Structure formats: C-alpha cells, structure tokens
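coords-v6.csv (CSV, C-alpha atoms)
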```csv
chain,number,residue,atom,x,y,z
A,1,MET,CA,159.9,48.1,36.9
A,2,SER,CA,159.9,51.8,37.3
A,3,TYR,CA,161.1,53.3,40.6
A,4,ILE,CA,159.1,56.4,40.1
A,5,ASP,CA,156.0,56.7,42.2
A,6,LEU,CA,154.9,60.3,42.4
A,7,ASP,CA,151.8,59.4,44.4
A,8,TYR,CA,153.9,57.8,47.1
A,9,GLU,CA,153.6,59.4,50.6
A,10,PRO,CA,156.9,58.8,52.4
A,11,ARG,CA,156.6,57.0,55.7
A,12,ASP,CA,158.2,58.1,59.0
A,13,SER,CA,160.3,55.0,58.8
A,14,ASP,CA,161.8,55.9,55.4
A,15,LEU,CA,165.2,57.3,54.9
A,16,LEU,CA,164.8,60.4,52.6
A,17,VAL,CA,167.4,61.8,50.3
A,18,LYS,CA,167.2,65.1,48.3
A,19,PHE,CA,169.3,65.1,45.1
A,20,TYR,CA,170.2,67.7,42.6
A,21,VAL,CA,170.5,66.0,39.2
A,22,GLU,CA,172.0,66.9,35.8
A,23,PHE,CA,171.5,64.2,33.3
A,24,GLU,CA,173.2,62.9,30.2
A,25,LYS,CA,172.5,64.6,26.8
A,26,GLY,CA,169.6,62.8,25.1
A,27,LYS,CA,168.0,61.6,28.3
A,28,ASP,CA,165.5,63.4,30.6
A,29,LEU,CA,165.2,64.1,34.3
A,30,ARG,CA,162.6,61.3,34.8
A,31,TYR,CA,164.9,58.8,33.3
A,32,ALA,CA,167.9,60.0,35.4
A,33,ALA,CA,165.8,59.9,38.6
A,34,ASP,CA,164.7,56.4,37.9
A,35,LYS,CA,168.2,55.2,37.3
A,36,ILE,CA,169.5,56.8,40.6
A,37,ALA,CA,166.7,55.1,42.6
A,38,GLU,CA,167.4,51.8,40.8
A,39,GLU,CA,171.1,51.8,41.3
A,40,SER,CA,171.0,53.0,44.9
A,41,SER,CA,168.5,50.4,46.1
A,42,ILE,CA,168.2,47.0,44.5
A,43,GLY,CA,168.3,47.3,40.7
A,44,THR,CA,171.0,47.4,38.1
A,45,TRP,CA,171.4,48.1,34.4
A,46,THR,CA,169.5,45.1,33.1
A,47,THR,CA,166.5,42.9,33.9
A,48,LEU,CA,167.3,40.2,36.5
A,49,LYS,CA,165.8,36.8,36.7
A,50,THR,CA,166.9,36.7,40.3
A,51,LEU,CA,164.9,39.8,41.4
A,52,LEU,CA,161.7,38.4,42.8
A,53,PRO,CA,158.7,40.7,42.5
A,54,GLU,CA,158.0,40.6,46.2
A,55,VAL,CA,161.6,41.6,47.0
A,56,TRP,CA,161.4,44.4,44.5
A,57,GLU,CA,158.2,45.7,46.0
A,58,LYS,CA,159.5,45.6,49.6
A,59,LEU,CA,163.0,47.0,49.1
A,60,ARG,CA,162.9,49.3,46.1
A,61,ALA,CA,163.5,53.0,46.5
A,62,ARG,CA,160.7,55.3,45.3
A,63,VAL,CA,161.1,58.6,43.5
A,64,TYR,CA,158.3,60.6,45.0
A,65,SER,CA,159.1,64.1,43.8
A,66,ILE,CA,160.7,65.5,40.6
A,67,LYS,CA,161.1,69.2,40.1
A,68,PRO,CA,162.1,70.9,36.7
A,69,SER,CA,164.9,72.6,38.5
A,70,GLY,CA,166.6,69.2,38.9
A,71,LEU,CA,165.6,68.4,42.4
A,72,VAL,CA,164.7,64.8,43.0
A,73,ASP,CA,163.4,63.3,46.3
A,74,ILE,CA,163.8,59.6,46.9
A,75,ALA,CA,162.5,57.5,49.8
A,76,TYR,CA,164.3,54.4,50.9
A,77,PRO,CA,162.6,51.7,53.0
A,78,ILE,CA,164.5,51.1,56.2
A,79,LYS,CA,164.6,47.3,55.6
A,80,LEU,CA,167.0,48.1,52.8
A,81,PHE,CA,169.7,48.8,55.4
A,82,GLU,CA,171.8,47.4,58.2
A,83,ILE,CA,170.8,50.2,60.4
A,84,GLU,CA,173.8,50.0,62.8
A,85,ASN,CA,176.2,50.3,59.8
A,86,MET,CA,176.6,53.9,58.6
A,87,PRO,CA,179.2,53.0,56.0
A,88,ALA,CA,176.8,50.5,54.4
A,89,ILE,CA,173.9,52.9,54.5
A,90,LEU,CA,176.1,55.5,52.6
A,91,ALA,CA,177.3,52.8,50.2
A,92,SER,CA,173.7,52.6,49.0
A,93,VAL,CA,172.5,56.2,48.9
A,94,ALA,CA,175.8,57.8,48.1
A,95,GLY,CA,177.7,54.9,46.4
A,96,ASN,CA,177.8,53.9,42.7
A,97,ILE,CA,175.3,56.6,41.6
A,98,PHE,CA,178.0,59.2,41.5
A,99,GLY,CA,179.8,57.3,38.7
A,100,MET,CA,176.8,56.5,36.4
A,101,LYS,CA,177.3,57.6,32.8
A,102,SER,CA,173.6,58.7,32.6
A,103,ILE,CA,174.3,61.3,35.2
A,104,GLU,CA,176.4,64.4,34.4
A,105,ASN,CA,176.3,65.9,37.9
A,106,LEU,CA,174.8,64.7,41.1
A,107,ARG,CA,174.7,66.3,44.5
A,108,ILE,CA,173.1,65.2,47.8
A,109,LEU,CA,171.5,68.3,49.3
A,110,ASP,CA,169.9,66.7,52.4
A,111,ILE,CA,169.2,63.4,54.2
A,112,ARG,CA,166.5,62.7,56.7
A,113,PHE,CA,167.2,59.7,59.0
A,114,PRO,CA,164.3,57.9,60.5
A,115,LYS,CA,163.9,57.3,64.3
A,116,ASP,CA,165.0,53.6,64.1
A,117,ILE,CA,168.4,54.6,62.5
A,118,LEU,CA,169.0,57.4,65.0
A,119,ARG,CA,168.3,55.2,67.9
A,120,ALA,CA,171.1,52.8,66.8
A,121,TYR,CA,173.7,55.5,67.4
A,122,PRO,CA,174.9,57.1,70.6
A,123,GLY,CA,175.5,60.6,69.2
A,124,PRO,CA,177.9,62.9,71.0
A,125,LYS,CA,179.1,61.9,74.4
A,126,TYR,CA,179.3,65.5,75.6
A,127,GLY,CA,178.0,67.9,73.0
A,128,VAL,CA,177.5,71.6,73.7
A,129,GLU,CA,176.3,71.3,77.3
A,130,GLY,CA,178.9,68.7,78.2
A,131,VAL,CA,181.8,70.8,76.9
A,132,ARG,CA,180.5,73.8,78.8
A,133,GLU,CA,180.2,71.8,82.0
A,134,MET,CA,183.7,70.5,81.5
A,135,THR,CA,185.3,73.9,80.9
A,136,HIS,CA,183.0,76.1,83.2
A,137,VAL,CA,182.6,78.4,80.2
A,138,LYS,CA,178.9,79.0,80.4
A,139,GLU,CA,177.8,82.2,78.7
A,140,ARG,CA,180.2,83.1,75.9
A,141,PRO,CA,181.8,81.5,72.9
A,142,PHE,CA,185.0,79.6,73.3
A,143,LEU,CA,188.2,81.1,72.0
A,144,GLY,CA,190.9,78.9,70.5
A,145,THR,CA,194.0,78.7,68.4
A,146,ILE,CA,195.9,76.3,66.1
A,147,ILE,CA,199.6,76.1,66.6
A,148,LYS,CA,201.4,77.8,63.7
A,149,PRO,CA,203.3,77.0,61.7
A,150,LYS,CA,201.1,73.9,61.4
A,151,ILE,CA,204.1,71.6,61.2
A,152,GLY,CA,207.8,72.3,61.8
A,153,LEU,CA,207.9,73.3,65.4
A,154,PRO,CA,210.0,71.1,67.7
A,155,THR,CA,208.1,69.6,70.7
A,156,LYS,CA,209.4,72.0,73.4
A,157,MET,CA,208.6,75.1,71.2
A,158,HIS,CA,205.1,73.7,70.4
A,159,ALA,CA,204.3,73.3,74.1
A,160,GLU,CA,205.6,76.8,74.8
A,161,VAL,CA,203.5,78.4,72.1
A,162,ALA,CA,200.5,76.6,73.6
A,163,TYR,CA,201.3,78.0,77.0
A,164,GLN,CA,201.5,81.5,75.7
A,165,ALA,CA,198.2,81.2,74.0
A,166,TRP,CA,196.5,79.8,77.1
A,167,CYS,CA,198.0,82.4,79.4
A,168,GLY,CA,197.0,85.2,77.0
A,169,GLY,CA,193.3,84.2,77.5
A,170,LEU,CA,192.4,81.5,75.0
A,171,ASP,CA,190.4,78.4,76.2
A,172,ILE,CA,191.6,76.0,73.5
A,173,VAL,CA,194.8,75.0,71.7
A,174,LYS,CA,194.7,72.4,69.0
A,175,ASP,CA,197.1,70.6,66.6
A,176,ASP,CA,196.6,71.2,62.9
A,177,GLU,CA,195.3,68.6,60.6
A,178,ASN,CA,198.7,67.3,59.3
A,179,LEU,CA,200.6,67.3,62.6
A,180,SER,CA,200.7,63.7,63.7
A,181,SER,CA,204.0,62.2,65.0
A,182,GLN,CA,206.8,63.5,62.8
A,183,ASP,CA,210.4,63.1,63.9
A,184,PHE,CA,210.7,66.7,65.0
A,185,ASN,CA,207.6,66.5,67.1
A,186,PRO,CA,206.8,62.9,68.2
A,187,PHE,CA,203.2,62.3,69.5
A,188,GLU,CA,204.1,61.0,72.9
A,189,GLU,CA,206.6,63.8,73.6
A,190,ARG,CA,204.1,66.5,72.4
A,191,LEU,CA,201.3,65.1,74.5
A,192,CYS,CA,203.4,65.0,77.7
A,193,GLN,CA,205.0,68.4,77.3
A,194,THR,CA,201.9,70.3,76.1
A,195,LEU,CA,199.8,68.9,79.0
A,196,GLU,CA,202.5,70.0,81.4
A,197,MET,CA,202.1,73.5,80.0
A,198,LYS,CA,198.4,73.2,80.1
A,199,ASP,CA,198.5,72.4,83.9
A,200,ARG,CA,200.8,75.3,84.4
A,201,ALA,CA,198.6,77.7,82.5
A,202,GLN,CA,195.5,76.6,84.5
A,203,GLU,CA,197.3,77.2,87.8
A,204,GLU,CA,198.4,80.6,86.7
A,205,THR,CA,195.1,81.8,85.1
A,206,GLY,CA,192.6,80.0,87.3
A,207,GLU,CA,190.8,79.0,84.1
A,208,LYS,CA,190.2,75.6,82.6
A,209,LYS,CA,192.2,75.0,79.4
A,210,ILE,CA,191.7,72.4,76.7
A,211,TYR,CA,194.2,70.7,74.4
A,212,LEU,CA,193.0,69.1,71.2
A,213,VAL,CA,195.7,66.6,70.3
A,214,ASN,CA,195.5,65.0,66.8
A,215,ILE,CA,195.3,61.2,67.0
A,216,THR,CA,194.5,60.7,63.3
A,217,ALA,CA,196.4,57.6,62.1
A,218,PRO,CA,195.7,54.0,60.9
A,219,TYR,CA,193.0,52.7,63.2
A,220,ARG,CA,195.1,50.5,65.6
A,221,GLU,CA,197.6,53.3,66.1
A,222,MET,CA,194.8,55.8,66.6
A,223,LEU,CA,193.5,53.6,69.4
A,224,ARG,CA,196.9,53.4,70.9
A,225,ARG,CA,197.3,57.1,70.9
A,226,ALA,CA,193.8,57.6,72.4
A,227,GLU,CA,194.7,55.2,75.2
A,228,LEU,CA,197.8,57.4,76.0
A,229,VAL,CA,195.6,60.5,76.0
A,230,GLN,CA,193.1,58.9,78.3
A,231,ASP,CA,195.9,57.6,80.6
A,232,MET,CA,197.3,61.1,80.9
A,233,GLY,CA,193.9,62.6,81.8
A,234,ASN,CA,193.3,64.8,78.8
A,235,GLU,CA,189.7,65.6,78.0
A,236,PHE,CA,189.8,65.7,74.2
A,237,VAL,CA,191.1,64.0,71.1
A,238,MET,CA,191.1,65.4,67.6
A,239,ILE,CA,190.3,63.3,64.5
A,240,ASP,CA,190.4,64.3,60.8
A,241,VAL,CA,187.0,62.7,60.3
A,242,VAL,CA,186.7,62.9,56.5
A,243,ILE,CA,190.2,61.4,56.0
A,244,ALA,CA,189.8,58.8,58.7
A,245,GLY,CA,186.5,57.7,57.2
A,246,PHE,CA,183.0,57.0,58.5
A,247,SER,CA,183.8,53.5,59.7
A,248,ALA,CA,186.7,54.8,61.9
A,249,VAL,CA,184.6,57.6,63.4
A,250,GLN,CA,181.7,55.2,64.2
A,251,SER,CA,184.0,52.6,65.6
A,252,PHE,CA,186.0,55.1,67.7
A,253,ARG,CA,182.9,56.5,69.3
A,254,GLU,CA,181.8,53.0,70.2
A,255,GLU,CA,185.1,52.2,71.9
A,256,GLY,CA,183.9,53.9,75.1
A,257,PHE,CA,186.8,56.4,75.6
A,258,LYS,CA,186.2,59.1,78.1
A,259,MET,CA,187.4,61.9,75.8
A,260,ALA,CA,185.3,64.2,73.7
A,261,ILE,CA,185.9,64.1,70.0
A,262,HIS,CA,186.9,67.2,68.1
A,263,ALA,CA,186.2,66.6,64.4
A,264,HIS,CA,188.4,68.4,61.9
A,265,ARG,CA,186.9,68.3,58.4
A,266,ALA,CA,190.1,68.4,56.4
A,267,MET,CA,189.5,67.2,52.8
A,268,HIS,CA,185.7,67.9,53.0
A,269,ALA,CA,185.9,70.3,50.1
A,270,ALA,CA,186.9,67.5,47.7
A,271,ILE,CA,183.3,66.3,48.4
A,272,THR,CA,181.4,69.4,49.2
A,273,ARG,CA,182.7,72.4,47.3
A,274,ASN,CA,181.3,71.9,43.8
A,275,PRO,CA,177.7,73.2,44.1
A,276,ARG,CA,176.6,70.8,41.3
A,277,HIS,CA,178.2,67.6,42.5
A,278,GLY,CA,179.1,65.6,45.6
A,279,ILE,CA,177.6,66.0,49.0
A,280,ASN,CA,177.0,69.3,50.8
A,281,MET,CA,178.5,70.0,54.2
A,282,ARG,CA,175.2,70.2,55.9
A,283,THR,CA,174.5,66.6,55.1
A,284,LEU,CA,177.9,65.5,56.2
A,285,ALA,CA,177.4,67.4,59.5
A,286,LYS,CA,174.2,65.5,60.1
A,287,ILE,CA,176.1,62.2,59.7
A,288,TYR,CA,178.9,63.2,62.0
A,289,ARG,CA,176.4,64.3,64.7
A,290,ILE,CA,174.8,60.9,64.5
A,291,LEU,CA,178.2,59.2,64.6
A,292,GLY,CA,179.0,61.1,67.8
A,293,VAL,CA,181.5,63.9,67.4
A,294,ASP,CA,181.3,66.6,70.1
A,295,ASN,CA,182.9,69.5,68.1
A,296,LEU,CA,182.7,70.0,64.3
A,297,HIS,CA,184.4,72.5,62.0
A,298,ILE,CA,181.6,74.2,59.9
A,299,GLY,CA,183.4,77.2,58.2
A,300,THR,CA,183.4,80.8,59.1
A,301,ALA,CA,181.4,82.8,56.5
A,302,VAL,CA,184.3,85.2,56.8
A,303,GLY,CA,188.0,84.6,56.7
A,304,LYS,CA,189.8,82.5,54.1
A,305,MET,CA,187.5,79.5,53.6
A,306,GLU,CA,184.8,79.2,51.0
A,307,GLY,CA,181.2,79.1,52.4
A,308,SER,CA,178.4,81.7,52.4
A,309,ARG,CA,176.8,83.2,55.5
A,310,GLU,CA,173.6,81.3,54.8
A,311,GLU,CA,175.4,78.0,54.3
A,312,VAL,CA,177.5,78.1,57.4
A,313,ALA,CA,174.7,79.4,59.6
A,314,GLY,CA,172.5,76.5,58.2
A,315,ILE,CA,175.1,73.9,59.2
A,316,ARG,CA,175.4,75.4,62.7
A,317,GLU,CA,171.6,75.3,63.0
A,318,GLU,CA,171.5,71.6,61.9
A,319,ILE,CA,174.1,70.3,64.3
A,320,GLN,CA,172.6,72.3,67.2
A,321,ALA,CA,168.9,71.8,66.5
A,322,ARG,CA,166.9,70.3,69.4
A,323,SER,CA,163.8,69.5,67.5
A,324,VAL,CA,161.6,66.7,68.7
A,325,GLU,CA,158.9,67.3,66.1
A,326,ALA,CA,159.0,68.0,62.4
A,327,ARG,CA,158.1,71.5,61.3
A,328,GLY,CA,156.2,70.7,58.1
A,329,ASP,CA,159.2,70.0,56.0
A,330,ARG,CA,159.8,66.3,55.4
A,331,PHE,CA,163.6,66.9,55.6
A,332,THR,CA,163.5,68.5,59.0
A,333,GLN,CA,165.5,66.1,61.1
A,334,ILE,CA,163.9,64.9,64.3
A,335,TRP,CA,166.9,64.5,66.6
A,336,TYR,CA,165.2,62.9,69.6
A,337,ASP,CA,167.9,62.6,72.4
A,338,ILE,CA,171.0,63.0,70.2
A,339,LYS,CA,172.9,65.9,71.7
A,340,PRO,CA,173.7,69.1,69.9
A,341,VAL,CA,177.3,69.5,68.6
A,342,LEU,CA,179.6,72.4,69.5
A,343,ALA,CA,180.3,74.3,66.2
A,344,VAL,CA,183.8,75.4,65.3
A,345,ALA,CA,184.6,78.4,63.1
A,346,SER,CA,188.2,78.2,61.9
A,347,GLY,CA,190.1,79.4,58.8
A,348,GLY,CA,191.7,82.8,58.3
A,349,LEU,CA,190.1,84.4,61.4
A,350,HIS,CA,191.6,87.3,63.4
A,351,PRO,CA,190.3,89.5,66.2
A,352,GLY,CA,188.6,91.8,63.8
A,353,HIS,CA,186.3,89.0,62.6
A,354,ILE,CA,184.9,88.2,66.0
A,355,PRO,CA,181.8,90.5,66.0
A,356,ALA,CA,180.8,89.1,62.6
A,357,VAL,CA,181.3,85.5,63.6
A,358,LEU,CA,179.3,86.1,66.8
A,359,ASP,CA,176.5,87.8,64.8
A,360,ILE,CA,176.3,84.9,62.3
A,361,LEU,CA,176.8,81.9,64.5
A,362,GLY,CA,175.8,82.9,68.0
A,363,LYS,CA,177.5,81.9,71.2
A,364,ASP,CA,177.6,78.1,71.0
A,365,ILE,CA,180.7,78.3,68.9
A,366,VAL,CA,184.5,77.9,69.1
A,367,ILE,CA,186.2,80.8,67.4
A,368,GLN,CA,189.6,79.7,66.4
A,369,ALA,CA,192.4,81.8,65.0
A,370,GLY,CA,195.8,80.5,64.0
A,371,GLY,CA,197.7,83.1,62.0
A,372,GLY,CA,195.4,85.7,63.6
A,373,VAL,CA,196.9,84.9,67.0
A,374,HIS,CA,200.5,83.9,66.2
A,375,GLY,CA,200.8,86.6,63.5
A,376,HIS,CA,200.2,89.4,66.0
A,377,PRO,CA,203.1,91.9,65.8
A,378,ASP,CA,204.0,91.3,69.4
A,379,GLY,CA,203.7,87.5,69.3
A,380,THR,CA,201.3,84.7,70.5
A,381,TYR,CA,200.6,86.0,74.0
A,382,SER,CA,199.5,89.4,72.7
A,383,GLY,CA,197.6,87.8,69.9
A,384,ALA,CA,195.6,85.7,72.4
A,385,MET,CA,195.0,88.8,74.5
A,386,ALA,CA,193.7,90.6,71.4
A,387,MET,CA,191.2,87.8,70.7
A,388,ARG,CA,189.9,87.9,74.3
A,389,GLN,CA,189.6,91.7,74.2
A,390,ALA,CA,187.7,91.5,70.9
A,391,LEU,CA,185.3,89.0,72.4
A,392,GLU,CA,184.8,91.2,75.5
A,393,ALA,CA,184.0,94.2,73.2
A,394,ALA,CA,181.6,92.2,71.0
A,395,MET,CA,179.8,90.7,74.0
A,396,ASN,CA,179.2,94.2,75.4
A,397,ASN,CA,178.3,95.7,72.0
A,398,ILE,CA,181.3,98.0,72.0
A,399,PRO,CA,182.8,98.7,68.5
A,400,LEU,CA,186.3,97.2,68.3
A,401,GLU,CA,187.9,100.4,67.2
A,402,GLU,CA,186.5,102.1,70.4
A,403,TYR,CA,187.6,99.3,72.7
A,404,ALA,CA,191.1,99.3,71.0
A,405,LYS,CA,191.7,102.8,72.2
A,406,GLU,CA,192.4,101.4,75.7
A,407,HIS,CA,193.6,97.9,74.8
A,408,ARG,CA,196.9,98.0,73.0
A,409,GLU,CA,196.9,94.3,72.0
A,410,LEU,CA,193.7,94.7,70.1
A,411,ALA,CA,194.8,98.0,68.6
A,412,ARG,CA,197.9,96.4,67.2
A,413,ALA,CA,196.0,93.4,65.9
A,414,LEU,CA,193.5,95.6,64.0
A,415,GLU,CA,196.2,97.7,62.6
A,416,LYS,CA,197.9,94.7,61.1
A,417,PHE,CA,195.0,92.5,60.0
A,418,GLU,CA,192.4,95.0,59.1
A,419,LYS,CA,194.7,97.0,56.8
A,420,ARG,CA,196.1,94.1,54.8
```

Show me this structure written as structure tokens.
Amino acid sequence: MSYIDLDYEPRDSDLLVKFYVEFEKGKDLRYAADKIAEESSIGTWTTLKTLLPEVWEKLRARVYSIKPSGLVDIAYPIKLFEIENMPAILASVAGNIFGMKSIENLRILDIRFPKDILRAYPGPKYGVEGVREMTHVKERPFLGTIIKPKIGLPTKMHAEVAYQAWCGGLDIVKDDENLSSQDFNPFEERLCQTLEMKDRAQEETGEKKIYLVNITAPYREMLRRAELVQDMGNEFVMIDVVIAGFSAVQSFREEGFKMAIHAHRAMHAAITRNPRHGINMRTLAKIYRILGVDNLHIGTAVGKMEGSREEVAGIREEIQARSVEARGDRFTQIWYDIKPVLAVASGGLHPGHIPAVLDILGKDIVIQAGGGVHGHPDGTYSGAMAMRQALEAAMNNIPLEEYAKEHRELARALEKFEKR
C-alpha cells in the first residue's frame, strides 16, 4: 500500500502541503515521503485488517512530487478532514509526523487550502481596508508603539505613557505580549485609564487613535475581558495567537465580537526559526488569515528579530494577496473573498529604520517601535514625534539626515540609535 503516486495530478479540491524532508540514516527520501503521507492520512506503522481497500483508496494522501533536494509535495483529499475544524486539519498534516523516528528533520514550507475549506471560515472582519476606514488613515503606513518597559509600569503611568505617544503623533499603542493582569497593572484598571487617555489624545490631536489591549488568558477569561473591551467601545483586542492556540483563535473569531483582532506571534520562533524543521511563518500566516485575524506580526527584515528581507516580504505578500486565480504554481493560494490582513513590523525598530521598512514592505503596514520611541533622549513624546517626522521624510523621498536638520526630535533620535 504505497502512498507514492508520481503520476497523480492534484485536484482543485485537494489540500496540498510542501515538505522539506531529512530522513533517517539507512533509509531514502522515497521511503521517508511514503511514511509521512501514511502517518498524516490514514495509515500507521503496520498492516491493518481494519483498513478497507475502498477506504484506503478514497482517503489516502498521495505523494505526487519528490525532489532530490528533499522537497516532497503531498496531496490530501478533502474528505479526509472536518473542514470547519482547523485544529483537526493541522492534527493530520502537521501532527505525529514531526515525531517519527524515520524522519531526522521535517519542515512545512507551504500549504494550499482548497475553496471548500476557505469557504468554511469568515476570514478577517476588517482587514486592511476596514482598519483604514476605522482610523481614517488612508494613504500612509500606520505608526505605533509598545509600552516599555513591557511589564512593571503601574496603571496610571502606563496610561500616561500611551497618552504621550498618541499626542506625539503615533496612531497605535499596544500592550506587550506578557502584560496581562498583574497586580501592579490590573486589566480592568488599565483598560479604563488608557481609554480615558485615548479619548483625551483624540480630542487634542483631531486624529483617531487605537489601543491594542492584550486579552490573552484562559479562554473563558479571555471572553470576559473581550466583553469588557466591547462594552467600553474599544475597537481592537490583542491576542497572542500562537500561545493561545488555533482552537482559541478560531473560536474567538466566531464569537461575533465587534472588535478587530491584533495577532501577536509570540513563541512563533519555537516553531518557525529552524530552517530545517517545524513550520515556516508564511504557512502560519496563511492559517491565521483564514482564521480571521485583522493584524499580524510578520517581522521587520531590519531591527532585532530574525528574518530575511525576502522572507518577511513574502509573508506580507501572502497575507495581503487578493488573487482570485492561480498563477501557474499549484501552491498559489486562491483567496476568493477572504480579506487581506494588515501586516505589522515590530522588533527593535527606531525612526532610522522607517525608510527601509517602507521600501521592503510598502504602505499597508504598521511600523511599531517600542524602545525606539521610549528610548528617545527626550522621552516618549519626542520619540513619537521623531517617528512621525521620519515617516514624513520617507513618504516625500527626503533623506532622514536632511530632514533632521530642521526637526530636532528626529535629529536626536538618529544621533542615539544610528550611532550605537
């Protein structure tokens, strides 16, 4: 019962997975590919009296391409899955196979979801266009910050730092991934006091401001916090989506809350970073788009986080693609009516990075700087001003050093961050 069928032509209804495979010493790639397809569909390590031939033929995965470089493409029939259940889909194609002794290393490089699976999910409630409509920011990237230090600030100081950032010219303030409801900064108090400062900043600047409050918690508590956020009229919640899990993200989107979902990818590198094992971020990004997040962290290509220019730009392209037809590559995802996701660049950024981020990732992006704002020599307000000035310069193709001659906040930021 071999699962290898190199003459098989994948159907539009198949779910396709591209693997990179390194196999056990003494075996070969063909053997490893067969075992992956077997374990991830309906087979196991031994012959089964209970596996009926007609069931095997209908539900087995098929290895339809094997490359000497270790690339293996496998097609899974859609009837193998409960299509409305993303955790169960991933339990098949990304489940036990990572622990098989016959596999030394295994990495999922791409997944193509068929139409019938995509149609079972709502996708983002707002996406790029919805967030732009909400904020009235139409033609430029968004600018944001993360309150720093990430934990430790008492509630009143947290709200004051947010206010300074908004008034200095930033659109977005967000909690960091591990700020939840600690004794020094309880969730309810932080939400109330920060939203008061948001209202004040909006009145003073005439600009719409956004607060991304972290509701990550055990699921019932996450729902309770989301209800508080909705009752207070805030437009966004933030969820640590990798940590919370696929089930929590899918369920939360289906709850019907009014808020947009800002997806922080904390812990992703435990899955994505090893180039020979795990699942790459582009594949995870596809999954989170299907599940319905509105914003998603993708890396920066500059700054402190790992990720090449090509990789990060590729993730941005995937979550914002509007393709309705395949472009010749079987793995080109046809997105139909699932909305594009607003990409978020965050991790070690400062005003000096803005031209590069804009060049690499375009304008449908949130450029977030934490230390690059609050580490400004003159404080948060000046750090926010420097970010806005750097964006103005980049959008008008003016070198930052030239613009800084008449903009003190930018000059001071470049002096500190560019000369480290």

Handout entry: Who sits within 6 Å of range 149-161 of chain A, only C-alpha atoms, same chain under 6 positions skipped, as a list in words
Key =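 Non-adjacent residues within range: Asp176, Leu179, Phe184, Asn185, Arg190, Gln193 and Thr194 of chain A.
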
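Among the candidate residues A:Ile74, A:Arg200, A:Glu255, A:Arg276, the one lying nearest to Glu22 in chain A is A:Arg276, with distances computed using only C-alpha atoms.
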
* Pick from A:Ala33, A:Phe187, A:Asp199, A:Gln230, whichever lies nearest to Ala217 in chain A using only C-alpha atoms ->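 Using only C-alpha atoms, Ala217 in chain A sits closest to A:Phe187.
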
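The neighbours of Ala94 in chain A here are the residues that come within 10 Å of it, using all atoms listed in the file and leaving out any residue fewer than 5 positions away in the same chain; they are Val17, Ile36, Ser40, Pro87, Ala88, Ile89, Leu106, Arg107, Ile108, Gly278 and Ile279 of chain A.
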
Take the residues from that selection and put them in a file with C-alpha atoms, as a PDB file, in the frame of the given file.
```pdb
ATOM      1  CA  VAL A  17     167.400  61.800  50.300  1.00  0.00           C
ATOM      2  CA  ILE A  36     169.500  56.800  40.600  1.00  0.00           C
ATOM      3  CA  SER A  40     171.000  53.000  44.900  1.00  0.00           C
ATOM      4  CA  PRO A  87     179.200  53.000  56.000  1.00  0.00           C
ATOM      5  CA  ALA A  88     176.800  50.500  54.400  1.00  0.00           C
ATOM      6  CA  ILE A  89     173.900  52.900  54.500  1.00  0.00           C
ATOM      7  CA  LEU A 106     174.800  64.700  41.100  1.00  0.00           C
ATOM      8  CA  ARG A 107     174.700  66.300  44.500  1.00  0.00           C
ATOM      9  CA  ILE A 108     173.100  65.200  47.800  1.00  0.00           C
ATOM     10  CA  GLY A 278     179.100  65.600  45.600  1.00  0.00           C
ATOM     11  CA  ILE A 279     177.600  66.000  49.000  1.00  0.00           C
TER      12      ILE A 279
END
```

So that each row is one residue of range 187-294 of chain A with an atom at most 9 Å from range 125-140 of chain A, can you give its shortest atom pair and the distance in Å to one decimal, using all atoms listed in the file, rows by chain and rising number, as CSV?
```
residue,atom,partner,partner_atom,distance
A:Glu207,CA,A:Thr135,CA,8.2
A:Lys208,CA,A:Thr135,CA,5.5
A:Lys209,CA,A:Thr135,CA,7.1
A:Ile210,CA,A:Thr135,CA,7.8
A:Glu235,CA,A:Met134,CA,8.5
A:Arg253,CA,A:Lys125,CA,8.3
A:Lys258,CA,A:Lys125,CA,8.5
A:Met259,CA,A:Lys125,CA,8.4
A:Ala260,CA,A:Tyr126,CA,6.4
A:Ile261,CA,A:Lys125,CA,8.4
A:Gly292,CA,A:Lys125,CA,6.6
A:Val293,CA,A:Lys125,CA,7.7
A:Asp294,CA,A:Gly127,CA,4.6
```

_Answer as a PyMOL selection string, residues within 10 Å of (197.8, 76.4, 65.3) using only C-alpha atoms_ = chain A and resi 144-151+158+161-162+165+173-177+179+368-374

Pro275 in chain A proximity check over A:Ser382, A:Ser308, A:Gln182, A:Asn214, using all atoms listed in the file: winner is A:Ser308

Exercise. Name the residues in contact with Arg408 in chain A at a cut-off of 10 Å, using all atoms listed in the file, excluding same-chain residues fewer than 3 positions from it; report them as a ChimeraX atom specification.
Key: /A:382,385-386,389,403-405,411-414

For Ile215 in chain A, please output as a VMD selection string all residues within 10 Å (counting only C-alpha atoms; exclusion window: fewer than 5 positions along the same chain). chain A and resid 175 177 179 to 181 187 221 to 226 229 237 to 240

Might I get the box with edges along x, y and z of the file that holds all atoms of range 133-143 of chain A listed there, padded by 4 Å on every side, given as centre and edge lengths in Å to one decimal, as JSON?
```
{"center_x": 183.0, "center_y": 76.8, "center_z": 77.6, "size_x": 18.4, "size_y": 20.6, "size_z": 19.2}
```

Across A:Ser13, A:Leu170, A:Pro218, A:Asn234, the smallest distance to Glu196 in chain A, with all atoms listed in the file counted, is shown by A:Asn234

task: Fewer than 2 positions away in the same chain doesn't count, so skip those; otherwise give me all residues within 8 Å of Gln250 in chain A, counting only C-alpha atoms, as a ChimeraX atom specification.
output: /A:86,246-248,252-254,291-292

Met232 in chain A proximity check over A:Leu29, A:Leu191, A:Ala394, A:Leu212, using all atoms listed in the file: winner is A:Leu191

Val366 in chain A proximity check over A:Val213, A:Ala285, A:Ile172, A:Met100, using only C-alpha atoms: winner is A:Ile172

Computed gap from CA of Ala91 in chain A to CA of Glu39 in chain A is 10.9 Å

For this session: Counting all atoms listed in the file, note down every residue that has an atom within 9 Å of the point (174.9, 80.3, 69.8) (file coordinates), as a PyMOL selection string.
Result: chain A and resi 140-141+316+320+343+358+360-365

Pairwise distance, CA of Asp34 in chain A with CA of Val63 in chain A, equals 7.0 Å

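Between CA of Glu84 in chain A and CA of Ala266 in chain A the separation is 25.4 Å.
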